[in-house]
Amino acid sequence: MSGAAPLMAEGQAALAQLKAHGGGGGVDESERDVVAVIVPADVSEPVREVTVHQAKGKALGCFVDFCKDHFSRQVLSGNQLDTYRKQVQEQAKNQEVSEEMIKNLAARTMVDMVVLHPNRPDTGFVSVNMYVDDKGIAKELPMNPRASAIVAACGQSTQVLGDAFIGKQFDDEDGFYRLDFFAKDLDTSLPWMKFAGAYNQRNAGQQHQPSAAQLKQLAQKMSAKPPPTAAEKAAKHKEHVTSRNAIVLKEKGNRLFAAGKVPEALEAYGESLKLAGVTDISASADLAGFAESPIVHALLSNRSACLHKQGKYEEALENAQACARVRPKWPKAYGREAEALTSLGRFEEARGALTKALDLIKPEDPARAEFQTRLDKLPTSQD
């Protein structure tokens, strides 16, 4: 393993960038987009590049936050929570762990990091890291064969569960700078991966090498996309800014609604919906594409509440039903629907909506009592 580490030059370039912008080589404070890679657990999905937006002054936490947002889409439930409880208790050994603490830990999204290319003086202070969901076992996430093969090629023996993200950074303790990492960088013939494999095995005292079959399989499965063009990066940035503005408008609507300014709140929610890409909520509109949006379902629910307060019950119902199509497993959507149906005198339909909501709420959830009370107080068609 003679000669300079393959990523040494990138580390020197990153340090030069920091010194040029900050004068002292400290943490990168700029606002920019950084390219990383996601390796899906589902092998039918291609390995692809993702754009991580680094807000001003947020270089240290932006990538982990990006991963958390992805991993938080799947939460622990039922038997999975029991599995996680056992894991925590085993790790705690003889220390007492309260049920409240376990629930708090279960509710938090945390990220595990696997170091592929180590960050050391003799490697240019450049590291390549893989980020995975730390609750992979409890969530019963599937084994990720491609990510596991990448780890093996880098001289590690970790079995990866669920989707995995890979990013690159320069960090010499004084300076920190995120570097672009592209799908093409996962080619097993590249010097950095060979260096990482030899380095990690030597320092861990491991004797085994990843098999030729593993490396061949990895090379075959890596369907790398070309690096994004400047236009594509600009489009991604615009998309991010638009999404951020949509969230700002949603929060503005919440403040206006709380202040009793219902028409103004309704307008803010409507503008936010447009920025989020929703232009049609009619019964024939396909809203399935917004299922993973963090705000569209809430905006539709909030619009329904505003319209109901204005006595526009049909429009309130339309927004509530659209909300249910976006998030069919969200009880509140059916609560809004029942509210509008009740005001329209359509009590049996309201009863059906509340029953749907109750079917989705766990017995121990405090919200269940509220929905049950509403159902019990609902007039019959004969009343």
# chains A, B, ... in the order shown; residues from 1 in each chain; ligands from 1
call {"tool": "residues_around", "arguments": {"residues": "Asp376 (chain A)", "least_positions_apart": "3", "cutoff": "12 Å", "atoms": "only C-alpha atoms", "output": "VMD selection string"}}
result
chain A and resid 347 350 to 351 354 to 355 369 to 373 379 to 380
call {"tool": "write_last_selection", "arguments": {"atoms": "C-alpha atoms", "output": "PDB file, in the first residue's frame"}}
result
ATOM      1  CA  PHE A 347     -75.307  11.171   9.340  1.00  0.00           C
ATOM      2  CA  ALA A 350     -70.506  10.489   8.820  1.00  0.00           C
ATOM      3  CA  ARG A 351     -70.890   7.356  10.923  1.00  0.00           C
ATOM      4  CA  LEU A 354     -65.805   7.900  11.996  1.00  0.00           C
ATOM      5  CA  THR A 355     -65.840   4.108  12.000  1.00  0.00           C
ATOM      6  CA  ALA A 369     -61.804   8.368  22.990  1.00  0.00           C
ATOM      7  CA  GLU A 370     -62.480  11.612  21.126  1.00  0.00           C
ATOM      8  CA  PHE A 371     -63.523   9.823  17.940  1.00  0.00           C
ATOM      9  CA  GLN A 372     -65.653   7.355  19.886  1.00  0.00           C
ATOM     10  CA  THR A 373     -67.436  10.213  21.669  1.00  0.00           C
ATOM     11  CA  PRO A 379     -77.625  11.750  15.475  1.00  0.00           C
ATOM     12  CA  THR A 380     -79.392   8.968  13.649  1.00  0.00           C
TER      13      THR A 380
END
call {"tool": "residues_around", "arguments": {"residues": "region 122-130 of chain A", "least_positions_apart": "5", "cutoff": "9 Å", "atoms": "only C-alpha atoms", "output": "PyMOL selection string"}}
result
chain A and resi 4-12+112-117+147+151+164-173+179+181
call {"tool": "atom_distance", "arguments": {"atom1": "CA of Ala285 (chain A)", "atom2": "CA of Ala324 (chain A)"}}
result
12.7 Å
call {"tool": "select_by_dssp", "arguments": {"residues": "region 238-348 of chain A", "states": "alpha helix (DSSP H)", "output": "ChimeraX atom specification"}}
result
/A:238-258,262-275,296-309,313-326,331-343,347-348
call {"tool": "atom_distance", "arguments": {"atom1": "CA of Glu337 (chain A)", "atom2": "CA of Ala353 (chain A)"}}
result
6.6 Å
call {"tool": "residues_around", "arguments": {"residues": "Glu49 (chain A)", "least_positions_apart": "4", "cutoff": "7 Å", "atoms": "only C-alpha atoms", "output": "VMD selection string"}}
result
chain A and resid 35 to 38 182 to 183
call {"tool": "residues_around", "arguments": {"residues": "Asp69 (chain A)", "least_positions_apart": "6", "cutoff": "12 Å", "atoms": "only C-alpha atoms", "output": "list in words"}}
result
Val52, Cys62, Phe63, Val75, Arg108, Thr109, Met110, Val111, Val132, Asp133, Glu292, Ser293 and Pro294 of chain A
call {"tool": "closest_residue", "arguments": {"among": "A:Ala367, A:Glu140, A:Arg374, A:Arg325", "to": "Phe290 (chain A)", "atoms": "only C-alpha atoms"}}
result
A:Arg325
call {"tool": "atom_distance", "arguments": {"atom1": "CA of Leu344 (chain A)", "atom2": "CA of Glu314 (chain A)"}}
result
7.7 Å
call {"tool": "closest_residue", "arguments": {"among": "A:Lys332, A:Arg346, A:Lys261, A:His70", "to": "Ala298 (chain A)", "atoms": "only C-alpha atoms"}}
result
A:Lys332
call {"tool": "residues_around", "arguments": {"residues": "Ala276 (chain A)", "least_positions_apart": "2", "cutoff": "7 Å", "atoms": "only C-alpha atoms", "output": "list in words"}}
result
Ser243, Ala246, Ser272, Leu273, Lys274 and Val278 of chain A
call {"tool": "write_last_selection", "arguments": {"atoms": "N, CA and C atoms", "output": "PDB file, in the first residue's frame"}}
result
ATOM      1  N   SER A 243     -40.424  23.914  -2.174  1.00  0.00           N
ATOM      2  CA  SER A 243     -40.943  23.104  -1.073  1.00  0.00           C
ATOM      3  C   SER A 243     -40.819  23.844   0.250  1.00  0.00           C
ATOM      4  N   ALA A 246     -43.406  26.463   0.524  1.00  0.00           N
ATOM      5  CA  ALA A 246     -44.712  25.860   0.802  1.00  0.00           C
ATOM      6  C   ALA A 246     -44.877  25.620   2.296  1.00  0.00           C
ATOM      7  N   SER A 272     -49.940  27.503  -0.491  1.00  0.00           N
ATOM      8  CA  SER A 272     -48.981  26.456  -0.132  1.00  0.00           C
ATOM      9  C   SER A 272     -49.232  25.192  -0.948  1.00  0.00           C
ATOM     10  N   LEU A 273     -50.510  24.851  -1.119  1.00  0.00           N
ATOM     11  CA  LEU A 273     -50.858  23.673  -1.923  1.00  0.00           C
ATOM     12  C   LEU A 273     -50.355  23.812  -3.355  1.00  0.00           C
ATOM     13  N   LYS A 274     -50.514  25.008  -3.916  1.00  0.00           N
ATOM     14  CA  LYS A 274     -50.053  25.233  -5.294  1.00  0.00           C
ATOM     15  C   LYS A 274     -48.543  25.037  -5.395  1.00  0.00           C
ATOM     16  N   VAL A 278     -50.092  20.781  -6.010  1.00  0.00           N
ATOM     17  CA  VAL A 278     -51.485  20.330  -6.079  1.00  0.00           C
ATOM     18  C   VAL A 278     -52.331  21.402  -6.753  1.00  0.00           C
TER      19      VAL A 278
END
call {"tool": "select_by_dssp", "arguments": {"residues": "region 92-204 of chain A", "states": "strand (DSSP E or B)", "output": "list in words"}}
result
Val111, Asp112, Met113, Val114, Val115, Leu116, His117, Val126, Ser127, Val128, Asn129, Met130, Tyr131, Val132, Asp133, Met143, Leu161, Ala164, Phe165, Ile166, Gly167, Lys168, Gln169, Phe170, Asp171, Phe176, Tyr177, Arg178 and Leu179 of chain A
